[in-house]
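Structure file structure-v7.pdb with PDB, C-alpha atoms and all ligand atoms:
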ATOM      1  CA  MET A   1      79.952 120.008 106.582
ATOM      2  CA  GLN A   2      81.654 122.855 108.505
ATOM      3  CA  LEU A   3      82.339 122.681 112.213
ATOM      4  CA  SER A   4      81.013 125.354 114.540
ATOM      5  CA  LYS A   5      83.432 127.936 115.941
ATOM      6  CA  GLN A   6      84.018 126.457 119.377
ATOM      7  CA  HIS A   7      84.575 122.978 117.936
ATOM      8  CA  SER A   8      88.197 122.611 117.083
ATOM      9  CA  THR A   9      89.539 119.291 118.415
ATOM     10  CA  ILE A  10      89.965 116.653 115.749
ATOM     11  CA  GLY A  11      90.721 112.947 116.068
ATOM     12  CA  ILE A  12      93.114 111.095 113.776
ATOM     13  CA  PHE A  13      93.761 107.359 113.781
ATOM     14  CA  ASP A  14      95.782 104.647 112.088
ATOM     15  CA  SER A  15      96.941 101.116 112.801
ATOM     16  CA  GLY A  16     100.251 102.578 113.921
ATOM     17  CA  VAL A  17     102.695 105.387 113.260
ATOM     18  CA  GLY A  18     101.701 105.837 109.591
ATOM     19  CA  GLY A  19      98.951 108.308 110.443
ATOM     20  CA  ILE A  20     101.622 110.605 111.865
ATOM     21  CA  SER A  21     102.460 111.515 108.250
ATOM     22  CA  VAL A  22      98.898 112.856 107.932
ATOM     23  CA  LEU A  23      98.970 114.442 111.402
ATOM     24  CA  LYS A  24     102.122 116.367 110.422
ATOM     25  CA  ALA A  25     100.528 117.711 107.246
ATOM     26  CA  ILE A  26      97.410 118.823 109.161
ATOM     27  CA  ASN A  27      99.455 120.360 111.962
ATOM     28  CA  ALA A  28     101.641 122.203 109.438
ATOM     29  CA  LEU A  29      98.592 123.753 107.788
ATOM     30  CA  ARG A  30      96.587 124.339 110.976
ATOM     31  CA  PRO A  31      98.928 124.589 113.971
ATOM     32  CA  ASP A  32      96.056 126.165 115.923
ATOM     33  CA  ILE A  33      93.973 122.970 115.991
ATOM     34  CA  ASP A  34      93.982 120.499 118.916
ATOM     35  CA  ILE A  35      94.638 116.936 117.785
ATOM     36  CA  LEU A  36      94.117 113.543 119.433
ATOM     37  CA  PHE A  37      95.932 110.754 117.596
ATOM     38  CA  VAL A  38      95.294 107.036 118.178
ATOM     39  CA  ALA A  39      97.817 104.456 116.969
ATOM     40  CA  ASP A  40      96.253 100.994 117.240
ATOM     41  CA  GLN A  41      99.640  99.324 117.519
ATOM     42  CA  ALA A  42      98.153  96.292 119.321
ATOM     43  CA  HIS A  43      96.714  95.368 115.926
ATOM     44  CA  VAL A  44      99.304  96.647 113.440
ATOM     45  CA  PRO A  45      99.518  95.702 110.600
ATOM     46  CA  TYR A  46      95.897  96.119 109.535
ATOM     47  CA  GLY A  47      96.752  95.370 105.917
ATOM     48  CA  SER A  48      96.849  91.597 106.240
ATOM     49  CA  ARG A  49      93.632  91.368 108.271
ATOM     50  CA  PRO A  50      90.092  90.756 106.977
ATOM     51  CA  LEU A  51      88.240  94.003 106.183
ATOM     52  CA  GLU A  52      85.469  93.088 108.716
ATOM     53  CA  GLU A  53      88.014  92.916 111.524
ATOM     54  CA  VAL A  54      89.582  96.273 110.603
ATOM     55  CA  ARG A  55      86.050  97.744 110.495
ATOM     56  CA  GLU A  56      85.438  96.691 114.130
ATOM     57  CA  PHE A  57      88.704  98.360 115.178
ATOM     58  CA  ALA A  58      87.770 101.552 113.302
ATOM     59  CA  ILE A  59      84.354 101.672 115.038
ATOM     60  CA  GLY A  60      85.939 101.119 118.469
ATOM     61  CA  ILE A  61      88.522 103.863 117.917
ATOM     62  CA  THR A  62      85.895 106.294 116.597
ATOM     63  CA  ASN A  63      83.741 105.697 119.700
ATOM     64  CA  PHE A  64      86.757 106.434 121.878
ATOM     65  CA  LEU A  65      87.607 109.655 119.999
ATOM     66  CA  LEU A  66      84.008 110.886 120.121
ATOM     67  CA  ASN A  67      83.866 110.194 123.882
ATOM     68  CA  GLU A  68      87.009 112.328 124.175
ATOM     69  CA  GLY A  69      85.128 115.196 122.520
ATOM     70  CA  VAL A  70      86.518 115.289 118.976
ATOM     71  CA  LYS A  71      84.208 116.810 116.380
ATOM     72  CA  LEU A  72      85.840 115.498 113.205
ATOM     73  CA  VAL A  73      87.615 112.181 112.581
ATOM     74  CA  VAL A  74      90.420 111.679 110.075
ATOM     75  CA  VAL A  75      90.839 108.036 109.086
ATOM     76  CA  ALA A  76      94.576 108.425 108.421
ATOM     77  CA  CYS A  77      94.855 104.903 107.110
ATOM     78  CA  ASN A  78      94.116 103.697 103.597
ATOM     79  CA  THR A  79      93.332 100.225 104.915
ATOM     80  CA  ALA A  80      90.805 101.415 107.509
ATOM     81  CA  SER A  81      89.284 103.786 104.932
ATOM     82  CA  ALA A  82      88.869 100.869 102.519
ATOM     83  CA  ALA A  83      87.386  98.713 105.264
ATOM     84  CA  ALA A  84      85.213 101.162 107.150
ATOM     85  CA  LEU A  85      84.809 104.716 105.824
ATOM     86  CA  HIS A  86      81.390 104.069 104.310
ATOM     87  CA  GLU A  87      80.120 102.291 107.449
ATOM     88  CA  LEU A  88      81.579 104.909 109.796
ATOM     89  CA  ARG A  89      79.603 107.606 107.973
ATOM     90  CA  GLU A  90      76.449 105.486 108.344
ATOM     91  CA  ILE A  91      76.976 104.603 112.009
ATOM     92  CA  PHE A  92      77.997 108.134 113.068
ATOM     93  CA  PRO A  93      75.896 110.370 110.786
ATOM     94  CA  ASP A  94      76.547 113.533 112.841
ATOM     95  CA  THR A  95      80.330 113.234 112.650
ATOM     96  CA  PRO A  96      82.290 114.463 109.649
ATOM     97  CA  PHE A  97      84.938 111.954 108.485
ATOM     98  CA  VAL A  98      87.903 112.532 106.202
ATOM     99  CA  GLY A  99      89.348 109.341 104.749
ATOM    100  CA  MET A 100      92.166 108.279 102.463
ATOM    101  CA  GLU A 101      92.153 106.818  98.979
ATOM    102  CA  PRO A 102      95.230 106.082  96.862
ATOM    103  CA  ALA A 103      96.154 109.189  94.804
ATOM    104  CA  VAL A 104      95.644 107.397  91.484
ATOM    105  CA  LYS A 105      93.961 110.377  89.789
ATOM    106  CA  PRO A 106      96.858 112.856  90.165
ATOM    107  CA  ALA A 107      99.333 110.062  89.371
ATOM    108  CA  VAL A 108      97.626 109.252  86.071
ATOM    109  CA  ASN A 109      97.250 112.957  85.256
ATOM    110  CA  SER A 110     100.942 113.614  85.766
ATOM    111  CA  SER A 111     102.190 110.449  84.033
ATOM    112  CA  SER A 112     103.660 110.851  80.553
ATOM    113  CA  SER A 113     104.087 107.101  80.079
ATOM    114  CA  HIS A 114     100.488 106.350  81.236
ATOM    115  CA  THR A 115     102.100 103.830  83.553
ATOM    116  CA  ILE A 116     101.937 104.223  87.305
ATOM    117  CA  GLY A 117     102.896 102.178  90.359
ATOM    118  CA  VAL A 118     100.747 101.882  93.484
ATOM    119  CA  LEU A 119     102.169 100.789  96.838
ATOM    120  CA  ALA A 120      99.462  99.786  99.342
ATOM    121  CA  THR A 121      98.406  96.998 101.700
ATOM    122  CA  PRO A 122      96.644  93.788 100.570
ATOM    123  CA  ALA A 123      93.419  94.912 102.291
ATOM    124  CA  THR A 124      93.467  98.271 100.489
ATOM    125  CA  PHE A 125      93.801  96.525  97.120
ATOM    126  CA  GLN A 126      90.893  94.205  98.022
ATOM    127  CA  GLY A 127      88.508  97.003  99.000
ATOM    128  CA  LYS A 128      85.771  98.475  96.784
ATOM    129  CA  LEU A 129      87.293 101.948  97.192
ATOM    130  CA  TYR A 130      90.451 100.992  95.276
ATOM    131  CA  ALA A 131      88.427  99.250  92.549
ATOM    132  CA  SER A 132      86.323 102.357  92.126
ATOM    133  CA  VAL A 133      89.371 104.674  92.005
ATOM    134  CA  ILE A 134      90.941 102.518  89.277
ATOM    135  CA  GLU A 135      87.692 102.357  87.325
ATOM    136  CA  ARG A 136      87.170 106.118  87.504
ATOM    137  CA  PHE A 137      90.675 107.413  86.943
ATOM    138  CA  ALA A 138      92.924 104.722  85.476
ATOM    139  CA  HIS A 139      90.870 102.791  82.943
ATOM    140  CA  ASP A 140      93.287 103.660  80.120
ATOM    141  CA  ALA A 141      96.503 103.585  82.185
ATOM    142  CA  LYS A 142      98.787 100.714  83.059
ATOM    143  CA  VAL A 143      98.794 100.219  86.831
ATOM    144  CA  LEU A 144     101.405  98.106  88.586
ATOM    145  CA  THR A 145     100.867  97.264  92.253
ATOM    146  CA  SER A 146     102.881  96.010  95.189
ATOM    147  CA  THR A 147     101.921  95.222  98.788
ATOM    148  CA  CYS A 148     105.531  95.689  99.977
ATOM    149  CA  PRO A 149     105.388  92.726 102.411
ATOM    150  CA  GLY A 150     107.072  93.568 105.707
ATOM    151  CA  LEU A 151     107.494  97.309 105.039
ATOM    152  CA  VAL A 152     104.936  98.510 107.589
ATOM    153  CA  GLU A 153     106.641  96.395 110.281
ATOM    154  CA  GLN A 154     110.051  97.889 109.421
ATOM    155  CA  ILE A 155     108.658 101.429 109.649
ATOM    156  CA  GLU A 156     106.920 100.618 112.950
ATOM    157  CA  ALA A 157     110.308  99.478 114.258
ATOM    158  CA  GLY A 158     111.916 102.736 113.115
ATOM    159  CA  ASN A 159     114.090 100.963 110.526
ATOM    160  CA  LEU A 160     113.693 103.605 107.844
ATOM    161  CA  ASN A 161     117.142 103.104 106.328
ATOM    162  CA  GLY A 162     117.790  99.459 107.233
ATOM    163  CA  SER A 163     118.931  96.957 104.601
ATOM    164  CA  GLU A 164     115.656  95.015 104.932
ATOM    165  CA  THR A 165     113.643  98.185 104.215
ATOM    166  CA  ILE A 166     115.742  99.036 101.162
ATOM    167  CA  SER A 167     115.491  95.506  99.805
ATOM    168  CA  ILE A 168     111.661  95.441 100.227
ATOM    169  CA  LEU A 169     111.481  98.743  98.332
ATOM    170  CA  GLN A 170     113.803  97.563  95.579
ATOM    171  CA  SER A 171     111.729  94.395  95.042
ATOM    172  CA  ALA A 172     108.531  96.462  94.869
ATOM    173  CA  LEU A 173     109.844  99.259  92.654
ATOM    174  CA  THR A 174     112.074  97.473  90.151
ATOM    175  CA  PRO A 175     109.212  95.841  88.190
ATOM    176  CA  MET A 176     107.418  99.205  88.141
ATOM    177  CA  LEU A 177     110.461 100.992  86.730
ATOM    178  CA  ASP A 178     111.030  98.162  84.227
ATOM    179  CA  ALA A 179     107.451  98.650  82.984
ATOM    180  CA  GLY A 180     108.054 102.395  82.511
ATOM    181  CA  ALA A 181     106.207 103.768  85.541
ATOM    182  CA  ASP A 182     106.920 107.472  86.036
ATOM    183  CA  SER A 183     104.577 108.098  89.005
ATOM    184  CA  ILE A 184     104.474 106.141  92.254
ATOM    185  CA  VAL A 185     101.451 106.407  94.558
ATOM    186  CA  LEU A 186     102.038 106.049  98.301
ATOM    187  CA  GLY A 187      98.792 104.213  99.088
ATOM    188  CA  CYS A 188      99.646 103.579 102.732
ATOM    189  CA  THR A 189     100.210 106.339 105.268
ATOM    190  CA  HIS A 190     103.325 104.607 106.613
ATOM    191  CA  TYR A 191     105.179 104.990 103.320
ATOM    192  CA  PRO A 192     105.841 108.775 103.298
ATOM    193  CA  PHE A 193     108.364 108.018 106.047
ATOM    194  CA  VAL A 194     110.476 106.216 103.412
ATOM    195  CA  SER A 195     109.786 108.557 100.492
ATOM    196  CA  ASP A 196     113.444 109.723 100.370
ATOM    197  CA  GLN A 197     114.531 106.084 100.159
ATOM    198  CA  ILE A 198     111.949 105.492  97.405
ATOM    199  CA  GLN A 199     113.119 108.583  95.518
ATOM    200  CA  SER A 200     116.726 107.452  95.571
ATOM    201  CA  ILE A 201     115.726 104.059  94.114
ATOM    202  CA  VAL A 202     113.434 105.417  91.381
ATOM    203  CA  GLY A 203     115.463 108.536  90.547
ATOM    204  CA  GLU A 204     114.508 112.212  90.372
ATOM    205  CA  ASP A 205     112.475 111.865  87.154
ATOM    206  CA  VAL A 206     109.846 109.679  88.814
ATOM    207  CA  LYS A 207     107.124 111.504  90.742
ATOM    208  CA  ILE A 208     106.105 110.257  94.195
ATOM    209  CA  LEU A 209     102.538 111.041  95.282
ATOM    210  CA  ASP A 210     101.893 111.485  98.990
ATOM    211  CA  PRO A 211      98.219 112.354  99.614
ATOM    212  CA  SER A 212      98.769 113.920 103.074
ATOM    213  CA  PRO A 213      98.882 117.581 101.935
ATOM    214  CA  ALA A 214      95.585 117.149 100.041
ATOM    215  CA  ILE A 215      94.017 115.489 103.095
ATOM    216  CA  ALA A 216      95.204 118.410 105.233
ATOM    217  CA  ARG A 217      93.574 120.867 102.793
ATOM    218  CA  ASN A 218      90.292 118.877 102.994
ATOM    219  CA  VAL A 219      90.381 119.013 106.782
ATOM    220  CA  ASP A 220      91.174 122.739 106.701
ATOM    221  CA  ARG A 221      88.111 123.395 104.525
ATOM    222  CA  MET A 222      85.906 121.736 107.161
ATOM    223  CA  LEU A 223      87.355 123.642 110.120
ATOM    224  CA  PRO A 224      86.468 127.123 111.344
ATOM    225  CA  LYS A 225      88.940 129.767 110.137
ATOM    226  CA  LYS A 226      91.978 130.365 112.316
ATOM    227  CA  ASN A 227      90.808 133.631 113.866
ATOM    228  CA  ASP A 228      87.416 132.107 114.682
ATOM    229  CA  ILE A 229      88.819 129.355 116.886
ATOM    230  CA  GLN A 230      87.868 130.087 120.479
ATOM    231  CA  GLN A 231      89.136 127.271 122.636
ATOM    232  CA  SER A 232      92.084 125.521 121.049
ATOM    233  CA  THR A 233      95.766 125.716 121.844
ATOM    234  CA  GLY A 234      97.235 123.631 119.027
ATOM    235  CA  SER A 235      98.001 120.748 121.368
ATOM    236  CA  ILE A 236      98.772 117.205 120.193
ATOM    237  CA  ARG A 237      98.007 114.161 122.355
ATOM    238  CA  VAL A 238      98.948 110.663 121.268
ATOM    239  CA  PHE A 239      97.422 107.361 122.401
ATOM    240  CA  THR A 240      98.678 103.881 121.651
ATOM    241  CA  THR A 241      97.185 100.441 122.219
ATOM    242  CA  GLY A 242     100.717  99.045 121.858
ATOM    243  CA  ASN A 243     104.070  99.682 123.483
ATOM    244  CA  LEU A 244     104.121 103.149 125.054
ATOM    245  CA  ALA A 245     107.891 103.318 125.577
ATOM    246  CA  LYS A 246     108.698 102.265 122.009
ATOM    247  CA  LEU A 247     106.328 104.811 120.493
ATOM    248  CA  THR A 248     107.680 107.578 122.729
ATOM    249  CA  GLU A 249     111.184 106.722 121.514
ATOM    250  CA  LEU A 250     110.136 106.895 117.839
ATOM    251  CA  LEU A 251     108.192 110.161 118.002
ATOM    252  CA  PRO A 252     111.125 112.594 117.767
ATOM    253  CA  CYS A 253     112.218 110.935 114.509
ATOM    254  CA  LEU A 254     108.734 110.677 112.972
ATOM    255  CA  LEU A 255     106.986 113.755 114.365
ATOM    256  CA  GLY A 256     109.909 115.946 115.369
ATOM    257  CA  SER A 257     108.596 116.406 118.924
ATOM    258  CA  ILE A 258     107.350 114.355 121.877
ATOM    259  CA  PRO A 259     103.761 115.201 122.785
ATOM    260  CA  PRO A 260     102.114 113.502 125.788
ATOM    261  CA  VAL A 261     101.602 109.782 125.026
ATOM    262  CA  SER A 262      99.032 107.638 126.879
ATOM    263  CA  GLN A 263      98.247 103.959 126.964
ATOM    264  CA  LEU A 264      94.912 102.566 125.755
ATOM    265  CA  LYS A 265      93.602  99.014 126.154
ATOM    266  CA  TRP A 266      90.988  97.127 124.187
ATOM    267  CA  HIS A 267      88.173  95.499 126.227
ATOM    268  CA  ASP A 268      85.466  93.666 124.264
ATOM    269  CA  GLY A 269      85.735  95.890 121.190
ATOM    270  CA  ALA A 270      85.923  99.136 123.185
ATOM    271  CA  LEU A 271      88.932 101.285 123.989
ATOM    272  CA  ALA A 272      89.654 102.564 127.479
ATOM    273  CA  ARG A 273      92.511 104.406 129.100
ATOM    274  CA  ASN A 274      94.805 102.120 131.024
ATOM    275  CA  VAL A 275      94.340 103.283 134.600
ATOM    276  CA  VAL A 276      97.330 102.512 136.810
ATOM    277  CA  ARG A 277      95.923 101.174 140.073
ATOM    278  CA  LYS A 278      97.757 102.165 143.225
ATOM    279  CA  ASN A 279      97.744  99.839 146.241
ATOM    280  CA  PRO A 280      95.863 101.373 149.190
TER     281      PRO A 280
HETATM  282  N1  LIG A 301      98.966 102.964 107.467
HETATM  283  C1  LIG A 301      97.974 102.088 107.035
HETATM  284  C2  LIG A 301      97.462 102.368 105.649
HETATM  285  O1  LIG A 301      97.473 103.511 105.239
HETATM  286  C3  LIG A 301      97.954 100.659 107.485
HETATM  287  C4  LIG A 301      99.164  99.827 107.365
HETATM  288  C5  LIG A 301      98.930  98.511 108.046
HETATM  289  O2  LIG A 301      98.643  98.528 109.235
HETATM  290  O3  LIG A 301      98.991  97.486 107.372
HETATM  291  O4  LIG A 301      97.013 101.512 104.948
END
Let me see the file written as structure tokens.
Amino acid sequence: MQLSKQHSTIGIFDSGVGGISVLKAINALRPDIDILFVADQAHVPYGSRPLEEVREFAIGITNFLLNEGVKLVVVACNTASAAALHELREIFPDTPFVGMEPAVKPAVNSSSSHTIGVLATPATFQGKLYASVIERFAHDAKVLTSTCPGLVEQIEAGNLNGSETISILQSALTPMLDAGADSIVLGCTHYPFVSDQIQSIVGEDVKILDPSPAIARNVDRMLPKKNDIQQSTGSIRVFTTGNLAKLTELLPCLLGSIPPVSQLKWHDGALARNVVRKNP
């Protein structure tokens, strides 16, 4: 599906700051496109929640983004893609969605040892999407997995180099290296923010696969060409259901800039802007 020329605003969402890794890749490829980004930080982490619950969040966020006028939605979250991508396409048949799946195929293709490691959330590993990716692309490879307990929380707190972060990564990666893994899949959009830390643990000979550039290329294929865009300015607007001040503080480190950030609140499964009431 290709968007029409005047339609250029896209929506991107994640449980938290992880989706910013995808936003950056899209913005780098298409700086002309307007982006609305929703971080559902009231509910982060998604990865330890039941898939049905994550699905409800994904539907609520999509409704919000569509009401804001976006014409394409990027589910910049492996967990929400595992929980809801199929249903989102059914519920919103007129909206194009781009979702995430762990980059197992390129990892297996580039592995000489036929042994790969996958880092993702518990919910992602439980979903049918992961099972199907393994069945299709890794049936004759050895696949080691880790849910990296606590890593998403450390990244949300901005502790990219903290001792807790490094120790979570060491516990996840050591068994993979011991088994001979030579490719590591970042199956959670939070993890590219610690890819340097991962690389220094695994060494330069091990390949790290971040799917964001491929997702950005998918999105680009669905958008009108740059010179055809009529109404966009390349603006980025960020919304959070969590702590506005904390997110604003983290953005320079994660995104490299501070776009306008607004507060959203959940009410009965729907998202609304938090309107500050003034006394008469
Ligand atoms: N960034 C998300 C993902 O790609 C979710 C992490 C979480 O909230 O547990 O899976």
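Residue nearest ligand LIG 301 (chain A), chosen from A:Gly269, A:Pro175, A:Pro192, A:Pro106 and counting only C-alpha atoms and all ligand atoms: A:Pro192.
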Suppose a student applies the PyMOL selection byres (((not hetatm)) within 9 of (chain A and resi 301)) to this structure; what residues should they get, written as a PDB file with C-alpha atoms, in the coordinates of the input?
ATOM      1  CA  ASP A  14      95.782 104.647 112.088  1.00  0.00           C
ATOM      2  CA  SER A  15      96.941 101.116 112.801  1.00  0.00           C
ATOM      3  CA  GLY A  16     100.251 102.578 113.921  1.00  0.00           C
ATOM      4  CA  VAL A  17     102.695 105.387 113.260  1.00  0.00           C
ATOM      5  CA  GLY A  18     101.701 105.837 109.591  1.00  0.00           C
ATOM      6  CA  GLY A  19      98.951 108.308 110.443  1.00  0.00           C
ATOM      7  CA  ASP A  40      96.253 100.994 117.240  1.00  0.00           C
ATOM      8  CA  GLN A  41      99.640  99.324 117.519  1.00  0.00           C
ATOM      9  CA  HIS A  43      96.714  95.368 115.926  1.00  0.00           C
ATOM     10  CA  VAL A  44      99.304  96.647 113.440  1.00  0.00           C
ATOM     11  CA  PRO A  45      99.518  95.702 110.600  1.00  0.00           C
ATOM     12  CA  TYR A  46      95.897  96.119 109.535  1.00  0.00           C
ATOM     13  CA  GLY A  47      96.752  95.370 105.917  1.00  0.00           C
ATOM     14  CA  SER A  48      96.849  91.597 106.240  1.00  0.00           C
ATOM     15  CA  ARG A  49      93.632  91.368 108.271  1.00  0.00           C
ATOM     16  CA  VAL A  75      90.839 108.036 109.086  1.00  0.00           C
ATOM     17  CA  ALA A  76      94.576 108.425 108.421  1.00  0.00           C
ATOM     18  CA  CYS A  77      94.855 104.903 107.110  1.00  0.00           C
ATOM     19  CA  ASN A  78      94.116 103.697 103.597  1.00  0.00           C
ATOM     20  CA  THR A  79      93.332 100.225 104.915  1.00  0.00           C
ATOM     21  CA  ALA A  80      90.805 101.415 107.509  1.00  0.00           C
ATOM     22  CA  SER A  81      89.284 103.786 104.932  1.00  0.00           C
ATOM     23  CA  ALA A  82      88.869 100.869 102.519  1.00  0.00           C
ATOM     24  CA  MET A 100      92.166 108.279 102.463  1.00  0.00           C
ATOM     25  CA  GLU A 101      92.153 106.818  98.979  1.00  0.00           C
ATOM     26  CA  ALA A 120      99.462  99.786  99.342  1.00  0.00           C
ATOM     27  CA  THR A 121      98.406  96.998 101.700  1.00  0.00           C
ATOM     28  CA  PRO A 122      96.644  93.788 100.570  1.00  0.00           C
ATOM     29  CA  ALA A 123      93.419  94.912 102.291  1.00  0.00           C
ATOM     30  CA  THR A 124      93.467  98.271 100.489  1.00  0.00           C
ATOM     31  CA  LEU A 151     107.494  97.309 105.039  1.00  0.00           C
ATOM     32  CA  VAL A 152     104.936  98.510 107.589  1.00  0.00           C
ATOM     33  CA  GLU A 153     106.641  96.395 110.281  1.00  0.00           C
ATOM     34  CA  LEU A 186     102.038 106.049  98.301  1.00  0.00           C
ATOM     35  CA  GLY A 187      98.792 104.213  99.088  1.00  0.00           C
ATOM     36  CA  CYS A 188      99.646 103.579 102.732  1.00  0.00           C
ATOM     37  CA  THR A 189     100.210 106.339 105.268  1.00  0.00           C
ATOM     38  CA  HIS A 190     103.325 104.607 106.613  1.00  0.00           C
ATOM     39  CA  TYR A 191     105.179 104.990 103.320  1.00  0.00           C
TER      40      TYR A 191
END
At a cut-off of 10 Å, using all atoms listed in the file, what residues contact Leu169 of chain A? Leave out same-chain residues fewer than 6 positions from it and give the result as a ChimeraX atom specification.
/A:119,146,148-149,151,163,194,197-198,201-202
If the PyMOL selection byres (((chain A and resi 115) around 12) and not hetatm) is run on the structure shown, which residues does it catch, given as a ChimeraX atom specification?
/A:104,107-114,116-118,138-145,175-185,206-207
I would like the residues chosen by the PyMOL selection byres (((chain A and resi 255) around 9) and not hetatm) on the shown file; could you give them as an MDAnalysis selection string?
chainID A and resid 20:21 23:24 250:254 256:258
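Residue nearest Pro50 of chain A within the list A:Ile35, A:Ala83, A:Phe137, A:Pro224: A:Ala83 [criterion: smallest interatomic distance, only C-alpha atoms].
The gap separating atom CA of Glu135 of chain A from atom CA of Phe13 of chain A is 27.6 Å, in Å to one decimal.
One finds atom CA of Glu156 of chain A at 25.7 Å from atom CA of Glu68 of chain A.
The nearest approach to Glu90 of chain A among the residues A:Ile59, A:Asp196, A:Gly234, A:Pro102, with only C-alpha atoms taken into account, belongs to A:Ile59.
If you look at atom CA of Val219 of chain A and atom CA of Val98 of chain A, they are 7.0 Å away from each other.
Distances here use only C-alpha atoms; by that measure, the residue among A:Gly69, A:Pro93, A:Gly158, A:Pro260 closest to Val238 of chain A is A:Pro260.
Of the listed residues (A:Thr248, A:Asn67, A:Thr62, A:Gln154), A:Thr62 comes nearest to Val38 of chain A; the distances count all atoms listed in the file.
Shortest separation to His86 of chain A among A:Leu65, A:Val22, A:Leu129, A:Leu72 occurs at residue A:Leu129, atoms counted being all atoms listed in the file.
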Just need the box for segment 198-213 of chain A, edges along x, y and z, holding every atom the file lists for it with 6 Å tacked onto each side, so centre and edge lengths in Å to one decimal, as JSON.
{"center_x": 107.5, "center_y": 110.8, "center_z": 95.1, "size_x": 30.5, "size_y": 25.5, "size_z": 27.9}
Who sits within 12 Å of Val261 of chain A, only C-alpha atoms, same chain under 3 positions skipped, as a ChimeraX atom specification:
/A:36-39,236-251,257-258,264,273-274
Just write the chosen residues, C-alpha atoms, as a compact mmCIF listing (two decimals), keeping the file's coordinate frame.
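File produced: out01.txt:
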# COMPACT_ATOMS: atom_id res chain seq x y z
CA LEU A 36 94.12 113.54 119.43
CA PHE A 37 95.93 110.75 117.60
CA VAL A 38 95.29 107.04 118.18
CA ALA A 39 97.82 104.46 116.97
CA ILE A 236 98.77 117.20 120.19
CA ARG A 237 98.01 114.16 122.36
CA VAL A 238 98.95 110.66 121.27
CA PHE A 239 97.42 107.36 122.40
CA THR A 240 98.68 103.88 121.65
CA THR A 241 97.18 100.44 122.22
CA GLY A 242 100.72 99.04 121.86
CA ASN A 243 104.07 99.68 123.48
CA LEU A 244 104.12 103.15 125.05
CA ALA A 245 107.89 103.32 125.58
CA LYS A 246 108.70 102.26 122.01
CA LEU A 247 106.33 104.81 120.49
CA THR A 248 107.68 107.58 122.73
CA GLU A 249 111.18 106.72 121.51
CA LEU A 250 110.14 106.90 117.84
CA LEU A 251 108.19 110.16 118.00
CA SER A 257 108.60 116.41 118.92
CA ILE A 258 107.35 114.36 121.88
CA LEU A 264 94.91 102.57 125.76
CA ARG A 273 92.51 104.41 129.10
CA ASN A 274 94.80 102.12 131.02
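Protein, DNA and RNA residues at most 7 Å from (82.8, 115.6, 110.6), with all atoms listed in the file, are these: Met1, Lys71, Leu72, Val73, Asp94, Thr95, Pro96 and Phe97 of chain A.
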How about completing segment 172-181 of chain A with N, CA, C and O atoms and giving it to me as a PDB file, in the frame of the given file?
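That gives us selection-v9.pdb:
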ATOM      1  N   ALA A 172     109.831  95.911  95.279  1.00  0.00           N
ATOM      2  CA  ALA A 172     108.531  96.462  94.869  1.00  0.00           C
ATOM      3  C   ALA A 172     108.673  97.374  93.658  1.00  0.00           C
ATOM      4  O   ALA A 172     107.835  97.367  92.746  1.00  0.00           O
ATOM      5  N   LEU A 173     109.747  98.175  93.645  1.00  0.00           N
ATOM      6  CA  LEU A 173     109.844  99.259  92.654  1.00  0.00           C
ATOM      7  C   LEU A 173     110.483  98.835  91.339  1.00  0.00           C
ATOM      8  O   LEU A 173     110.146  99.401  90.281  1.00  0.00           O
ATOM      9  N   THR A 174     111.368  97.839  91.383  1.00  0.00           N
ATOM     10  CA  THR A 174     112.074  97.473  90.151  1.00  0.00           C
ATOM     11  C   THR A 174     111.117  97.067  89.031  1.00  0.00           C
ATOM     12  O   THR A 174     111.240  97.580  87.899  1.00  0.00           O
ATOM     13  N   PRO A 175     110.132  96.186  89.291  1.00  0.00           N
ATOM     14  CA  PRO A 175     109.212  95.841  88.190  1.00  0.00           C
ATOM     15  C   PRO A 175     108.424  97.047  87.679  1.00  0.00           C
ATOM     16  O   PRO A 175     108.090  97.121  86.491  1.00  0.00           O
ATOM     17  N   MET A 176     108.163  98.002  88.559  1.00  0.00           N
ATOM     18  CA  MET A 176     107.418  99.205  88.141  1.00  0.00           C
ATOM     19  C   MET A 176     108.280 100.055  87.200  1.00  0.00           C
ATOM     20  O   MET A 176     107.808 100.519  86.155  1.00  0.00           O
ATOM     21  N   LEU A 177     109.548 100.213  87.582  1.00  0.00           N
ATOM     22  CA  LEU A 177     110.461 100.992  86.730  1.00  0.00           C
ATOM     23  C   LEU A 177     110.674 100.274  85.398  1.00  0.00           C
ATOM     24  O   LEU A 177     110.669 100.912  84.332  1.00  0.00           O
ATOM     25  N   ASP A 178     110.821  98.940  85.459  1.00  0.00           N
ATOM     26  CA  ASP A 178     111.030  98.162  84.227  1.00  0.00           C
ATOM     27  C   ASP A 178     109.855  98.325  83.267  1.00  0.00           C
ATOM     28  O   ASP A 178     110.021  98.298  82.051  1.00  0.00           O
ATOM     29  N   ALA A 179     108.645  98.492  83.837  1.00  0.00           N
ATOM     30  CA  ALA A 179     107.451  98.650  82.984  1.00  0.00           C
ATOM     31  C   ALA A 179     107.266 100.092  82.512  1.00  0.00           C
ATOM     32  O   ALA A 179     106.314 100.385  81.791  1.00  0.00           O
ATOM     33  N   GLY A 180     108.133 101.003  82.980  1.00  0.00           N
ATOM     34  CA  GLY A 180     108.054 102.395  82.511  1.00  0.00           C
ATOM     35  C   GLY A 180     107.254 103.320  83.411  1.00  0.00           C
ATOM     36  O   GLY A 180     106.899 104.433  82.988  1.00  0.00           O
ATOM     37  N   ALA A 181     106.987 102.894  84.645  1.00  0.00           N
ATOM     38  CA  ALA A 181     106.207 103.768  85.541  1.00  0.00           C
ATOM     39  C   ALA A 181     106.973 105.056  85.821  1.00  0.00           C
ATOM     40  O   ALA A 181     108.169 105.020  86.111  1.00  0.00           O
TER      41      ALA A 181
END
